[in-house]
Every structure is written in structure tokens, then in C-alpha cells.
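A.B. asks: Next up, start.pdb (PDB, C-alpha atoms and all ligand atoms).
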```pdb
ATOM      1  CA  MET G   1      10.452 112.547 173.961
ATOM      2  CA  SER G   2      10.449 109.228 172.094
ATOM      3  CA  GLU G   3      10.459 109.283 168.301
ATOM      4  CA  THR G   4       7.151 108.848 166.491
ATOM      5  CA  ILE G   5       6.986 106.140 163.835
ATOM      6  CA  LEU G   6       4.253 105.493 161.299
ATOM      7  CA  ILE G   7       4.151 101.936 159.899
ATOM      8  CA  THR G   8       1.680 101.083 157.155
ATOM      9  CA  GLY G   9       0.299  97.543 157.036
ATOM     10  CA  ALA G  10       0.724  96.889 160.758
ATOM     11  CA  SER G  11      -2.122  94.381 161.111
ATOM     12  CA  SER G  12      -0.131  91.429 159.846
ATOM     13  CA  GLY G  13       3.261  89.980 158.964
ATOM     14  CA  LEU G  14       6.357  92.160 158.796
ATOM     15  CA  GLY G  15       4.510  95.372 159.728
ATOM     16  CA  LYS G  16       2.884  93.861 162.795
ATOM     17  CA  THR G  17       6.095  92.249 164.068
ATOM     18  CA  THR G  18       8.063  95.453 163.465
ATOM     19  CA  SER G  19       5.416  97.575 165.212
ATOM     20  CA  GLU G  20       5.490  95.328 168.282
ATOM     21  CA  PHE G  21       9.298  95.224 168.319
ATOM     22  CA  LEU G  22       9.770  98.989 167.998
ATOM     23  CA  SER G  23       7.090  99.745 170.603
ATOM     24  CA  LYS G  24       8.912  97.508 173.049
ATOM     25  CA  LYS G  25      12.087  99.461 172.286
ATOM     26  CA  GLY G  26      10.298 102.603 173.465
ATOM     27  CA  TYR G  27       9.208 104.197 170.178
ATOM     28  CA  ASN G  28       5.811 105.814 169.838
ATOM     29  CA  VAL G  29       4.336 103.631 167.086
ATOM     30  CA  TYR G  30       1.273 104.295 164.938
ATOM     31  CA  GLY G  31       0.370 101.379 162.695
ATOM     32  CA  THR G  32      -2.304 101.188 160.013
ATOM     33  CA  SER G  33      -4.753  98.721 158.516
ATOM     34  CA  ARG G  34      -7.564  99.056 155.959
ATOM     35  CA  ASN G  35      -9.866  97.546 158.524
ATOM     36  CA  PRO G  36      -8.573  97.916 162.114
ATOM     37  CA  SER G  37     -11.825  96.611 163.672
ATOM     38  CA  LYS G  38     -11.127  93.202 162.078
ATOM     39  CA  TYR G  39      -8.143  92.718 164.389
ATOM     40  CA  SER G  40      -7.794  92.555 168.164
ATOM     41  CA  ILE G  41      -6.583  95.928 169.429
ATOM     42  CA  PRO G  42      -2.782  95.870 169.696
ATOM     43  CA  THR G  43      -1.606  96.570 173.230
ATOM     44  CA  SER G  44       1.684  98.265 172.437
ATOM     45  CA  TYR G  45       0.842 100.483 169.435
ATOM     46  CA  LYS G  46      -2.088 102.319 167.860
ATOM     47  CA  LEU G  47      -3.828 100.905 164.773
ATOM     48  CA  LEU G  48      -5.420 103.539 162.506
ATOM     49  CA  LYS G  49      -7.529 103.123 159.386
ATOM     50  CA  LEU G  50      -5.605 103.715 156.166
ATOM     51  CA  ASP G  51      -5.913 102.404 152.639
ATOM     52  CA  LEU G  52      -3.042 103.251 150.318
ATOM     53  CA  THR G  53      -5.513 103.666 147.460
ATOM     54  CA  ASP G  54      -7.563 106.301 149.320
ATOM     55  CA  ILE G  55      -5.877 109.721 149.530
ATOM     56  CA  LYS G  56      -8.477 111.036 151.989
ATOM     57  CA  LEU G  57      -7.692 108.267 154.487
ATOM     58  CA  ILE G  58      -3.965 108.913 154.047
ATOM     59  CA  ASP G  59      -4.506 112.620 154.788
ATOM     60  CA  ASN G  60      -6.653 111.793 157.823
ATOM     61  CA  VAL G  61      -4.013 109.545 159.363
ATOM     62  CA  ILE G  62      -1.108 111.918 158.769
ATOM     63  CA  ASN G  63      -3.040 114.977 160.019
ATOM     64  CA  PHE G  64      -4.231 113.073 163.077
ATOM     65  CA  ILE G  65      -0.699 112.071 164.081
ATOM     66  CA  LEU G  66       0.762 115.504 163.328
ATOM     67  CA  GLU G  67      -1.907 117.194 165.418
ATOM     68  CA  LYS G  68      -1.194 114.897 168.355
ATOM     69  CA  GLU G  69       2.564 114.473 168.141
ATOM     70  CA  LYS G  70       3.574 117.601 166.141
ATOM     71  CA  LYS G  71       5.909 115.460 163.991
ATOM     72  CA  ILE G  72       6.426 112.085 162.381
ATOM     73  CA  ASP G  73      10.092 111.140 162.666
ATOM     74  CA  ILE G  74      10.049 107.903 160.728
ATOM     75  CA  LEU G  75       7.814 106.390 158.053
ATOM     76  CA  ILE G  76       8.025 102.661 157.417
ATOM     77  CA  ASN G  77       6.307 102.336 154.060
ATOM     78  CA  ASN G  78       5.544  98.658 154.464
ATOM     79  CA  ALA G  79       2.012  97.833 153.251
ATOM     80  CA  GLY G  80       2.036  95.838 150.042
ATOM     81  CA  VAL G  81       0.407  92.979 148.193
ATOM     82  CA  GLY G  82       1.541  90.116 145.989
ATOM     83  CA  ILE G  83       0.424  89.184 142.506
ATOM     84  CA  THR G  84       1.288  86.143 140.407
ATOM     85  CA  GLY G  85       0.527  84.995 136.900
ATOM     86  CA  PRO G  86       1.992  84.548 133.444
ATOM     87  CA  GLY G  87       2.770  88.015 132.055
ATOM     88  CA  GLU G  88       0.734  87.253 128.933
ATOM     89  CA  GLU G  89      -2.395  86.282 130.847
ATOM     90  CA  THR G  90      -2.472  88.443 133.963
ATOM     91  CA  ASP G  91      -5.458  90.798 133.996
ATOM     92  CA  ILE G  92      -4.262  94.355 133.372
ATOM     93  CA  GLU G  93      -6.757  95.783 135.885
ATOM     94  CA  GLU G  94      -5.257  93.525 138.583
ATOM     95  CA  MET G  95      -1.789  94.720 137.616
ATOM     96  CA  LYS G  96      -2.904  98.362 137.940
ATOM     97  CA  LYS G  97      -4.396  97.610 141.368
ATOM     98  CA  ASN G  98      -1.100  96.087 142.428
ATOM     99  CA  PHE G  99       0.838  99.168 141.318
ATOM    100  CA  ASP G 100      -1.723 101.399 143.068
ATOM    101  CA  THR G 101      -0.708  99.800 146.371
ATOM    102  CA  ASN G 102       2.905  98.678 145.933
ATOM    103  CA  PHE G 103       4.150 101.678 143.986
ATOM    104  CA  PHE G 104       1.787 104.676 143.822
ATOM    105  CA  GLY G 105       0.526 104.076 147.365
ATOM    106  CA  GLN G 106       4.034 104.204 148.765
ATOM    107  CA  VAL G 107       4.867 107.240 146.633
ATOM    108  CA  ILE G 108       1.786 109.120 147.905
ATOM    109  CA  MET G 109       2.782 108.312 151.492
ATOM    110  CA  MET G 110       6.185 109.908 150.860
ATOM    111  CA  GLN G 111       4.648 112.954 149.166
ATOM    112  CA  LYS G 112       2.217 113.505 152.026
ATOM    113  CA  ILE G 113       4.760 113.109 154.819
ATOM    114  CA  LEU G 114       7.726 114.962 153.330
ATOM    115  CA  PRO G 115       6.419 118.532 153.954
ATOM    116  CA  SER G 116       6.350 117.953 157.721
ATOM    117  CA  MET G 117       9.749 116.235 157.651
ATOM    118  CA  ARG G 118      11.198 119.166 155.693
ATOM    119  CA  LYS G 119       9.772 121.531 158.282
ATOM    120  CA  ASN G 120      11.529 119.535 161.030
ATOM    121  CA  LYS G 121      14.721 119.362 158.924
ATOM    122  CA  LYS G 122      14.827 115.670 159.828
ATOM    123  CA  GLY G 123      13.216 112.408 158.808
ATOM    124  CA  LEU G 124      13.746 108.805 157.799
ATOM    125  CA  ILE G 125      11.664 106.839 155.301
ATOM    126  CA  ILE G 126      12.166 103.100 154.891
ATOM    127  CA  ASN G 127      10.462 101.743 151.786
ATOM    128  CA  ILE G 128       9.872  98.014 152.041
ATOM    129  CA  SER G 129      10.593  96.656 148.578
ATOM    130  CA  SER G 130      11.606  93.048 147.857
ATOM    131  CA  ILE G 131      14.523  90.977 146.627
ATOM    132  CA  ALA G 132      12.085  90.197 143.777
ATOM    133  CA  GLY G 133      12.476  93.874 142.805
ATOM    134  CA  TYR G 134      16.135  93.335 141.889
ATOM    135  CA  MET G 135      15.327  90.834 139.113
ATOM    136  CA  GLY G 136      12.390  89.839 136.955
ATOM    137  CA  LEU G 137      11.095  86.592 138.425
ATOM    138  CA  PRO G 138       9.056  84.210 136.264
ATOM    139  CA  TYR G 139       5.284  84.278 136.934
ATOM    140  CA  ARG G 140       5.797  87.318 139.169
ATOM    141  CA  SER G 141       6.437  89.902 136.469
ATOM    142  CA  CYS G 142       4.075  92.533 137.888
ATOM    143  CA  TYR G 143       5.278  92.095 141.476
ATOM    144  CA  SER G 144       8.941  92.323 140.414
ATOM    145  CA  ALA G 145       8.120  95.401 138.322
ATOM    146  CA  SER G 146       6.240  97.209 141.117
ATOM    147  CA  LYS G 147       9.035  96.602 143.619
ATOM    148  CA  GLY G 148      11.740  97.391 141.051
ATOM    149  CA  ALA G 149       9.994 100.687 140.306
ATOM    150  CA  LEU G 150      10.007 101.501 144.014
ATOM    151  CA  GLN G 151      13.740 100.757 144.186
ATOM    152  CA  LEU G 152      14.502 103.279 141.432
ATOM    153  CA  PHE G 153      12.045 105.910 142.646
ATOM    154  CA  THR G 154      13.759 105.722 146.025
ATOM    155  CA  GLU G 155      17.209 106.239 144.496
ATOM    156  CA  SER G 156      15.972 109.396 142.746
ATOM    157  CA  ILE G 157      13.983 111.040 145.503
ATOM    158  CA  ARG G 158      16.659 110.219 148.082
ATOM    159  CA  MET G 159      19.087 112.559 146.310
ATOM    160  CA  GLU G 160      16.447 115.302 146.101
ATOM    161  CA  VAL G 161      15.623 115.366 149.818
ATOM    162  CA  LYS G 162      19.078 114.790 151.316
ATOM    163  CA  ARG G 163      19.695 118.518 151.676
ATOM    164  CA  PHE G 164      16.634 118.782 153.946
ATOM    165  CA  GLY G 165      18.144 116.331 156.443
ATOM    166  CA  ILE G 166      15.884 113.509 155.248
ATOM    167  CA  ASN G 167      17.065 109.990 154.461
ATOM    168  CA  ILE G 168      15.026 107.688 152.201
ATOM    169  CA  LEU G 169      16.090 104.102 151.574
ATOM    170  CA  THR G 170      14.787 100.672 150.670
ATOM    171  CA  LEU G 171      14.795  97.479 152.665
ATOM    172  CA  ALA G 172      14.299  94.424 150.452
ATOM    173  CA  PRO G 173      13.195  91.233 152.203
ATOM    174  CA  GLY G 174      13.589  87.746 150.739
ATOM    175  CA  ASP G 175      10.963  85.149 151.698
ATOM    176  CA  PHE G 176       9.460  85.616 155.167
ATOM    177  CA  ALA G 177       6.710  83.557 156.761
ATOM    178  CA  THR G 178       3.752  85.989 156.696
ATOM    179  CA  ASN G 179       0.232  86.056 155.256
ATOM    180  CA  ILE G 180       1.362  87.499 151.925
ATOM    181  CA  ALA G 181       0.952  84.275 149.927
ATOM    182  CA  SER G 182      -2.624  83.651 151.075
ATOM    183  CA  ARG G 183      -3.619  87.276 150.399
ATOM    184  CA  ARG G 184      -2.029  87.871 147.042
ATOM    185  CA  TYR G 185      -3.874  87.964 143.747
ATOM    186  CA  HIS G 186      -3.273  84.757 141.796
ATOM    187  CA  SER G 187      -4.136  84.775 138.124
ATOM    188  CA  PRO G 188      -6.306  81.726 137.547
ATOM    189  CA  VAL G 189      -4.407  78.700 136.273
ATOM    190  CA  LYS G 190      -6.016  78.337 132.842
ATOM    191  CA  GLU G 191      -5.924  75.559 130.305
ATOM    192  CA  GLY G 192      -3.321  76.643 127.802
ATOM    193  CA  PRO G 193       0.380  77.154 127.188
ATOM    194  CA  TYR G 194       1.331  78.193 130.720
ATOM    195  CA  ASN G 195      -0.857  75.729 132.660
ATOM    196  CA  TYR G 196       1.705  73.190 133.838
ATOM    197  CA  LEU G 197       4.657  75.484 134.595
ATOM    198  CA  TYR G 198       2.596  78.257 136.226
ATOM    199  CA  ARG G 199       0.796  75.761 138.480
ATOM    200  CA  LYS G 200       4.148  74.232 139.465
ATOM    201  CA  SER G 201       5.720  77.672 140.085
ATOM    202  CA  LEU G 202       2.729  78.766 142.163
ATOM    203  CA  ASN G 203       3.136  75.780 144.496
ATOM    204  CA  GLU G 204       6.855  76.513 144.786
ATOM    205  CA  MET G 205       6.250  80.236 145.509
ATOM    206  CA  ASN G 206       3.744  79.479 148.265
ATOM    207  CA  ARG G 207       6.103  76.909 149.775
ATOM    208  CA  HIS G 208       8.989  79.429 149.782
ATOM    209  CA  VAL G 209       6.891  81.931 151.777
ATOM    210  CA  ASP G 210       5.629  79.263 154.217
ATOM    211  CA  ASP G 211       9.229  78.071 154.755
ATOM    212  CA  GLY G 212      10.427  81.667 154.929
ATOM    213  CA  ASN G 213      12.492  83.320 157.627
ATOM    214  CA  ASN G 214      11.167  84.757 160.887
ATOM    215  CA  PRO G 215       9.689  88.311 160.470
ATOM    216  CA  LEU G 216      11.559  89.286 163.642
ATOM    217  CA  GLU G 217      14.722  89.496 161.506
ATOM    218  CA  VAL G 218      13.085  92.323 159.554
ATOM    219  CA  ALA G 219      12.080  94.120 162.756
ATOM    220  CA  LYS G 220      15.656  93.880 164.031
ATOM    221  CA  ILE G 221      17.232  95.272 160.877
ATOM    222  CA  VAL G 222      14.697  98.131 160.825
ATOM    223  CA  TYR G 223      15.754  98.947 164.387
ATOM    224  CA  LYS G 224      19.415  98.820 163.324
ATOM    225  CA  ILE G 225      18.786 101.124 160.349
ATOM    226  CA  ILE G 226      16.909 103.611 162.553
ATOM    227  CA  ASN G 227      19.944 103.739 164.814
ATOM    228  CA  THR G 228      22.509 104.112 162.019
ATOM    229  CA  ARG G 229      23.877 107.624 161.593
ATOM    230  CA  ASN G 230      24.110 107.592 157.788
ATOM    231  CA  PRO G 231      22.010 104.718 156.407
ATOM    232  CA  LYS G 232      22.806 103.437 152.908
ATOM    233  CA  VAL G 233      20.363 103.570 150.017
ATOM    234  CA  HIS G 234      19.607  99.829 149.851
ATOM    235  CA  TYR G 235      19.396  97.094 152.484
ATOM    236  CA  LYS G 236      18.562  93.424 151.918
ATOM    237  CA  ILE G 237      17.439  90.841 154.444
ATOM    238  CA  GLY G 238      16.752  87.149 153.916
ATOM    239  CA  ALA G 239      18.312  83.779 153.239
ATOM    240  CA  PHE G 240      21.945  83.865 152.107
ATOM    241  CA  PHE G 241      21.210  82.534 148.591
ATOM    242  CA  GLN G 242      18.523  85.189 148.045
ATOM    243  CA  LYS G 243      20.856  88.036 148.948
ATOM    244  CA  PHE G 244      23.664  86.370 146.974
ATOM    245  CA  SER G 245      21.439  86.266 143.879
ATOM    246  CA  ILE G 246      21.557  90.082 143.757
ATOM    247  CA  PHE G 247      25.358  90.000 143.837
ATOM    248  CA  LEU G 248      25.421  87.328 141.120
ATOM    249  CA  LYS G 249      23.202  89.458 138.886
ATOM    250  CA  LYS G 250      25.726  92.284 139.164
ATOM    251  CA  ILE G 251      28.722  90.192 138.132
ATOM    252  CA  LEU G 252      27.427  87.515 135.743
ATOM    253  CA  PRO G 253      26.606  87.948 132.049
ATOM    254  CA  ASP G 254      22.820  88.228 131.583
ATOM    255  CA  PHE G 255      22.459  84.927 129.722
ATOM    256  CA  ILE G 256      24.184  82.936 132.489
ATOM    257  CA  TYR G 257      22.133  84.621 135.200
ATOM    258  CA  GLU G 258      18.937  83.866 133.274
ATOM    259  CA  LYS G 259      19.924  80.174 132.983
ATOM    260  CA  ILE G 260      20.513  80.005 136.747
ATOM    261  CA  LEU G 261      17.083  81.550 137.471
ATOM    262  CA  MET G 262      15.311  79.225 135.024
ATOM    263  CA  ASN G 263      17.039  76.192 136.555
ATOM    264  CA  PHE G 264      16.173  77.357 140.056
ATOM    265  CA  TYR G 265      12.499  77.769 139.156
ATOM    266  CA  LYS G 266      12.617  74.599 137.023
ATOM    267  CA  ILE G 267      11.040  76.261 133.978
TER     268      ILE G 267
HETATM  269  N1  LIG G 301       6.658  88.108 153.308
HETATM  270  C1  LIG G 301       7.545  88.116 152.342
HETATM  271  O1  LIG G 301       8.092  87.066 151.991
HETATM  272  C2  LIG G 301       7.929  89.415 151.661
HETATM  273  C3  LIG G 301       9.040  89.394 150.811
HETATM  274  C4  LIG G 301       9.419  90.562 150.180
HETATM  275  C5  LIG G 301       8.724  91.732 150.393
HETATM  276  N2  LIG G 301       7.631  91.730 151.217
HETATM  277  C6  LIG G 301       6.920  93.001 151.394
HETATM  278  O2  LIG G 301       6.749  93.264 152.764
HETATM  279  C7  LIG G 301       5.580  94.070 152.953
HETATM  280  C8  LIG G 301       4.709  93.431 154.046
HETATM  281  O3  LIG G 301       4.240  92.177 153.572
HETATM  282  P1  LIG G 301       3.897  90.930 154.531
HETATM  283  O4  LIG G 301       4.690  89.795 154.036
HETATM  284  O5  LIG G 301       3.999  91.334 155.942
HETATM  285  O6  LIG G 301       2.390  90.657 154.064
HETATM  286  P2  LIG G 301       1.016  90.541 154.897
HETATM  287  O7  LIG G 301       1.191  89.672 156.078
HETATM  288  O8  LIG G 301       0.001  90.148 153.866
HETATM  289  O9  LIG G 301       0.748  92.052 155.369
HETATM  290  C9  LIG G 301       0.460  93.069 154.442
HETATM  291  C10 LIG G 301      -0.018  94.317 155.176
HETATM  292  O10 LIG G 301      -0.295  95.321 154.197
HETATM  293  C11 LIG G 301      -1.582  95.873 154.461
HETATM  294  N3  LIG G 301      -2.190  96.277 153.181
HETATM  295  C12 LIG G 301      -2.407  95.538 152.077
HETATM  296  N4  LIG G 301      -2.973  96.288 151.111
HETATM  297  C13 LIG G 301      -3.113  97.537 151.614
HETATM  298  C14 LIG G 301      -3.633  98.758 151.105
HETATM  299  N5  LIG G 301      -4.150  98.875 149.872
HETATM  300  N6  LIG G 301      -3.606  99.842 151.903
HETATM  301  C15 LIG G 301      -3.120  99.773 153.149
HETATM  302  N7  LIG G 301      -2.628  98.651 153.708
HETATM  303  C16 LIG G 301      -2.630  97.544 152.943
HETATM  304  C17 LIG G 301      -2.366  94.770 155.170
HETATM  305  O11 LIG G 301      -3.285  95.380 156.061
HETATM  306  P3  LIG G 301      -4.881  95.222 156.011
HETATM  307  O12 LIG G 301      -5.218  94.007 155.180
HETATM  308  O13 LIG G 301      -5.250  95.076 157.458
HETATM  309  O14 LIG G 301      -5.311  96.501 155.416
HETATM  310  C18 LIG G 301      -1.275  94.075 155.975
HETATM  311  O15 LIG G 301      -1.110  94.662 157.239
HETATM  312  C19 LIG G 301       4.896  94.162 151.580
HETATM  313  O16 LIG G 301       5.236  95.385 150.977
HETATM  314  C20 LIG G 301       5.509  93.008 150.814
HETATM  315  O17 LIG G 301       5.495  93.210 149.429
HETATM  316  C21 LIG G 301       7.222  90.600 151.859
END
```
Would you put the structure from the file into C-alpha cells?
C.D. replies:
Amino acid sequence: MSETILITGASSGLGKTTSEFLSKKGYNVYGTSRNPSKYSIPTSYKLLKLDLTDIKLIDNVINFILEKEKKIDILINNAGVGITGPGEETDIEEMKKNFDTNFFGQVIMMQKILPSMRKNKKGLIINISSIAGYMGLPYRSCYSASKGALQLFTESIRMEVKRFGINILTLAPGDFATNIASRRYHSPVKEGPYNYLYRKSLNEMNRHVDDGNNPLEVAKIVYKIINTRNPKVHYKIGAFFQKFSIFLKKILPDFIYEKILMNFYKI
């Protein structure tokens, strides 16, 4: 019997490409969207209704799959949203909404799926974080924080569930050409102290995503991780300089690393 995979956020971008890729490889893939009827029905995988901020919908999806398939072997905790803005000005309610999806939503998915994985004494959870979660990026403070929180949560819970035969890890993408930039919450560019630099950074950020790598690279590394006997805690995928920036942060003094980031973002 082929393994059953649940991928959140499978209507677009990395989740959609990964769902198509893994289905073609023979996996039994269930994807999710907040609004499946908005999209043409995928031919190779199922698309179920799930909103990470709605526990009832999460329960419905997990119970539905467990009833049909008896188990969920792999969870790809992918759904997420972007948010930009100067830390001083970004609306706190928008920040909470971002954490509700990017952090608490992914945590609830783990909490809801772990009991069945423990019962099977087997399971793999891949939390899609971001290279932005390894460092605080200017004008993306909330996004960096939500993904950074997910990185650390993963490190903790991974140790707790290892003895049940379950592996939890993160996969951090750099910039990939998806719909994330057009869908993210942008704090309005206001008149005031951050106007010029935030506007400039926003244009740069959008350009980086549009010029980003092919989402197929993410699908391929997910496939590789699934087929690795003992996957590591953290994986990164993206342009060389983005992955290298994580290495640089580890070895350079903080003040030099900060100078490099500020030069890169021209702020
Ligand atoms: N693209 C990049 O450059 C990049 C870089 C680093 C990390 N990432 C991460 O990769 C993941 C996928 O992003 P993407 O680039 O593929 O973006 P995308 O094209 O905008 O896709 C995001 C997916 O998440 C779903 N989603 C959003 N909010 C949701 C919610 N509250 N509940 C359930 N589903 C929700 C969307 O589905 P519906 O709208 O249909 O519900 C959509 O399928 C995210 O976690 C993102 O932070 C992306």
C-alpha cells in the first residue's frame, strides 16, 4: 500500500507543486485549501477544505483521512502567509493573524496528527519554515519571528517524539517563484520615518520572490527527505547565497553580520 501524505496549502505554489510531484511518484496525496471550489480540481491528488485557524476544519480533514486510509504517514506542514512592514508600525492584529497561521496553525496540525502517528509507531512531519526564520530580516520582523519560532518549536518537539518512531524536521526555503508575495499582508507605506526605505525594501522583496527558484526544487528535496532513513533536524533549499547566509551568521560576529545584511538590503 502506498504511503498517505497530507500537505496543507496545496492549492498554490510549493504545496501544489509538491503534491503533484509526490502523486506522480505513487504516493496517496491529500492536499488542502481554505477554498477548494475556487480552484480547478487537481487530477492527481485530493483537495480538502482546511483553514489553519479553524480547529473544527482541521479535525474534519484528519478524521476523514484516518477513516478512509487508517493512517497518515507523512504531514507536510506547508501552508503559510507572508507579512511585511516596519516593526514599529505593523498592526498588532495582523501580526497575531500571521502567527495564527504560520506558527500556531502548524503547531495544531502536529498536535492533531501525532496521536495517530504514535499509534502506528511511525510518522514523518516536515514543517516548511523559511531561510528568513534563521535571521531577523528588516521590514519582515513578524515573518522572521513566526518562522524562527517554528524552527525552535520543531527542535524541541522532535526530541520528545523520537522514541515513538516519529521524525519531525524543518525545511527552510529561500526565495521561490510562487504567489506568496501577491498574497501577503503589506503594512501600508505611510508618510513618516520609514516611508522611503520600506517602500524600497518592499519592491526588492517582491522582485526576489518573482525572480525566485523553481518550486520543483522544493518538491524534489521533500521527496529526498521522505526517502532518507534518518532525516536531520533542519534542511535548507534555495540560492547558494541564501543558504550561505545561514552559515555566515554562525561564524561571524553579530555586528559584522548585521552590516552585511544592511548593505544587502541597502538600508
Ligand atoms: N515562496 C517563497 O519564496 C517561500 C520562501 C520561504 C518559505 N516559504 C513558505 O512556503 C510555504 C508555502 O508558500 P508558497 O510560497 O507556496 O505561497 P502561496 O503560493 O501563497 O501558497 C500558500 C498556500 O497556503 C495556503 N494557506 C494560506 N493561509 C492558510 C490558512 N490560514 N489555512 C490553510 N491554508 C492556508 C493557501 O491556500 P488557500 O489560499 O487556497 O487556502 C496556499 O495553498 C509557506 O509556509 C511559506 O511561508 C515560501
A.B. asks: Per residue of chain G within 6 Å of ligand LIG 301 (chain G), which atom pair is closest and at what distance in Å (one decimal), using only C-alpha atoms and all ligand atoms, listed by chain and increasing number, as CSV?
C.D. replies:
```
residue,atom,partner,partner_atom,distance
G:Gly9,CA,G:LIG301,O15,3.2
G:Ala10,CA,G:LIG301,O15,4.6
G:Ser11,CA,G:LIG301,O15,4.0
G:Ser12,CA,G:LIG301,O15,4.3
G:Gly13,CA,G:LIG301,O5,3.4
G:Leu14,CA,G:LIG301,O5,3.8
G:Gly15,CA,G:LIG301,O5,5.6
G:Ser33,CA,G:LIG301,O13,3.8
G:Arg34,CA,G:LIG301,O14,3.4
G:Asn35,CA,G:LIG301,O13,5.3
G:Leu50,CA,G:LIG301,C15,5.6
G:Asp51,CA,G:LIG301,N6,3.5
G:Leu52,CA,G:LIG301,N6,3.8
G:Thr53,CA,G:LIG301,N5,5.5
G:Asn78,CA,G:LIG301,O16,4.8
G:Ala79,CA,G:LIG301,O10,3.5
G:Gly80,CA,G:LIG301,O16,3.4
G:Val81,CA,G:LIG301,O17,5.2
G:Thr101,CA,G:LIG301,N5,5.0
G:Ile128,CA,G:LIG301,O16,5.4
G:Ser129,CA,G:LIG301,C5,5.6
G:Ser130,CA,G:LIG301,C4,4.0
G:Pro173,CA,G:LIG301,C4,4.3
G:Gly174,CA,G:LIG301,C3,4.8
G:Asp175,CA,G:LIG301,O1,3.5
G:Phe176,CA,G:LIG301,O1,3.7
G:Ala177,CA,G:LIG301,N1,5.7
G:Thr178,CA,G:LIG301,O7,4.5
G:Asn179,CA,G:LIG301,O7,3.8
G:Ile180,CA,G:LIG301,O8,3.6
G:Arg183,CA,G:LIG301,O8,5.8
G:Val209,CA,G:LIG301,O1,5.3
```
A.B. asks: Which one of G:Lys200, G:Gly123, G:Cys142, G:Tyr27 sits closest to Met95 of chain G if you count all atoms listed in the file?
C.D. replies: G:Cys142
A.B. asks: Determine, counting all atoms listed in the file, every residue of protein, DNA or RNA that lies within 12 Å of (12.6, 106.8, 157.2) in the file coordinates, then give the result as a PyMOL selection string.
C.D. replies: chain G and resi 3-7+72-78+109-110+113-114+117+122-128+154+158+161-162+165-171+222-223+225-228+230-233
A.B. asks: Can you list, as a count of residues only, the residues that the PyMOL selection byres (((chain G and resi 258-267) around 7) and not hetatm) selects here?
C.D. replies: 6
A.B. asks: Between atom CA of Ile83 of chain G and atom CA of Ala219 of chain G, measure the distance and give it in Å to one decimal.
C.D. replies: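 Distance between the two atoms: 23.9 Å.
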A.B. asks: List the residues matched by the PyMOL selection byres (((chain G and resi 103) around 10) and not hetatm) in the displayed structure as a list of chain:residue names, ordered by chain and then by residue number.
C.D. replies: G:Leu52, G:Gly80, G:Lys96, G:Lys97, G:Asn98, G:Phe99, G:Asp100, G:Thr101, G:Asn102, G:Phe104, G:Gly105, G:Gln106, G:Val107, G:Ile108, G:Ser129, G:Tyr143, G:Ala145, G:Ser146, G:Lys147, G:Gly148, G:Ala149, G:Leu150, G:Gln151, G:Phe153
A.B. asks: Please report the interatomic distance between atom CA of Ile55 of chain G and atom CA of Arg118 of chain G in Å with one decimal.
C.D. replies: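 Going from atom CA of Ile55 of chain G over to atom CA of Arg118 of chain G covers 20.5 Å.
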A.B. asks: Applying the PyMOL selection byres (((chain G and resi 43) around 12) and not hetatm) to the file I just gave you, which residues come out? Please list them as number ranges by chain.
C.D. replies: G: 16, 19-20, 23-24, 29-31, 39-42, 44-47
A.B. asks: My list of candidates is G:Glu217, G:Pro138, G:Ser187, G:Phe247. Which is closest to Thr17 of chain G when distances are computed with all atoms listed in the file?
C.D. replies: G:Glu217
A.B. asks: Could you check the closest approach to Ile221 of chain G for each of G:Lys236, G:Arg207, G:Ser141, G:Ala132 and tell me which residue wins, using only C-alpha atoms?
C.D. replies: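 Ranking G:Lys236, G:Arg207, G:Ser141, G:Ala132 by distance to Ile221 of chain G, first place goes to G:Lys236.
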A.B. asks: Which residues come within 9 Å of Val189 of chain G, counting all atoms listed in the file, excluding same-chain residues fewer than 3 positions away, as a list of chain:residue names?
C.D. replies: G:Gly85, G:His186, G:Gly192, G:Tyr194, G:Asn195, G:Tyr196, G:Tyr198, G:Arg199
A.B. asks: Using only C-alpha atoms, pick whichever of G:Ile62, G:Ala172, G:Ile251, G:Ile131 has the shortest atom-to-atom distance to Gln111 of chain G.
C.D. replies: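 With only C-alpha atoms as the atom set, the closest residue is G:Ile62.
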A.B. asks: Which residue out of G:Lys112, G:Lys250, G:Lys224, G:His208 has the minimum interatomic distance to Gly238 of chain G when all atoms listed in the file are used?
C.D. replies: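 Closest candidate: G:His208.
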A.B. asks: Edge lengths and centre, in Å to one decimal, as AutoDock Vina command-line options: that's what I need for the box along x, y and z that holds all listed atoms of segment 81-96 of chain G plus 8 Å on each side.
C.D. replies:
```
--center_x -2.0 --center_y 91.5 --center_z 138.6 --size_x 25.5 --size_y 29.8 --size_z 35.3
```
A.B. asks: Would you compute the distance between atom CA of Ala181 of chain G and atom CA of Leu57 of chain G? Give it in Å to one decimal.
C.D. replies: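 According to the coordinates, atom CA of Ala181 of chain G and atom CA of Leu57 of chain G are separated by 25.9 Å.
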A.B. asks: Determine the nearest neighbour of Asn214 of chain G from the options G:Thr32, G:Thr18, G:Ser116, G:Asn60, counting all atoms listed in the file.
C.D. replies: G:Thr18
